[in-house]
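Novice: Can you read through this structure? Questions will come right after.
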Amino acid sequence: MALGYKRDEIGTKRMRELGWFLDKRSVLDMKGRCHLKGKDVEPFRRKIFERSGGQCEKWRWYNLGGPAVQTMCRCMNTITWETMEMHHSPSGYARYDSMESVKGICHECHIASHNREPQLKSIPNCDVPR
């Protein structure tokens, strides 16, 4: 199958009957994971945005004055409904839509996540995990 997963036709039908899937293209795969399309994406995106609290959820490495001194910090850039991008991990054929596999992130972090541009060089507002 071109999408990288096999559909659970019975589970998908049940999700439609329960009103969880509004778009006929949304499906469950055989592992019970959702693959949302069309009308089903916006409510899911809203949950991701609410969880983010308007701040990028991406954890990244930052240099602290030299290549040997680095720390992992949450980006914390401000994002709005319009600027938020949903990053799936895993991405590509293995991607699916769940609260655990999707993060609401800023454009800069999304580009860096896909290795299209170098990482940040300085720390903005670092929220170091404890």
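Ordered as shown in the structure tokens, chains take letters A, B, and onward, while each chain numbers its residues from 1 and ligands are numbered from 1 in the order shown.
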Need the shell around stretch 108-115 of chain A: protein/DNA/RNA residues with any atom at most 10 Å away, counting only C-alpha atoms. Skip same-chain ones fewer than 2 positions apart. Format as number ranges by chain?

Specialist: A: 56-60, 75, 77, 84-89, 91, 103-106, 117-120

Novice: Show me, as a list of chain:residue names, the residues that have an atom within 12 Å of A:Met30 when counting only C-alpha atoms, minus same-chain residues fewer than 5 positions from it.

Specialist: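 Final neighbour list, sorted by chain and number: A:Gly4, A:Tyr5, A:Lys6, A:Arg7, A:Asp8, A:Glu9, A:Ile10, A:Gly11, A:Thr12, A:His35, A:Tyr96.
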
Novice: Do a neighbour search on A:Leu36 at 9 Å with only C-alpha atoms, toss out local chain neighbours closer than 6 positions, and write the hits as a list in words.

Specialist: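 These residues fall inside the cut-off: Phe21, Asp23, Arg25, Ser26, Val27, Leu28, Phe44, Tyr96 and Asp97 of chain A.
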
Novice: When distances are computed from only C-alpha atoms, which of A:Trp61, A:Met15, A:Val102, A:Tyr93 shows the smallest separation from A:Arg74?

Specialist: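 Of A:Trp61, A:Met15, A:Val102, A:Tyr93, the one nearest A:Arg74, counting only C-alpha atoms, is A:Trp61.
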
Novice: Apply DSSP to the structure's backbone, then extract all residues of stretch 1-52 of chain A labelled strand (DSSP E) and return them as a PDB file with C-alpha atoms, in the first residue's frame.

Specialist:
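states-v7.pdb written:
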```pdb
ATOM      1  CA  VAL A  27      -8.622   5.976   8.671  1.00  0.00           C
ATOM      2  CA  LEU A  28      -7.332   3.759  11.464  1.00  0.00           C
ATOM      3  CA  CYS A  34      -5.272   7.536  13.418  1.00  0.00           C
ATOM      4  CA  HIS A  35      -4.455   9.061  10.044  1.00  0.00           C
TER       5      HIS A  35
END
```

Novice: Which one of A:Met99, A:Leu22, A:Trp81, A:Pro90 sits closest to A:Ile48 if you count only C-alpha atoms?

Specialist: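 Answer, going by the shortest atom-to-atom distance: A:Met99.
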
Novice: Would you compute the distance between atom CA of A:Phe49 and atom CA of A:Ile79? Give it in Å to one decimal.

Specialist: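 Atom-to-atom, atom CA of A:Phe49 to atom CA of A:Ile79, that is 8.7 Å.
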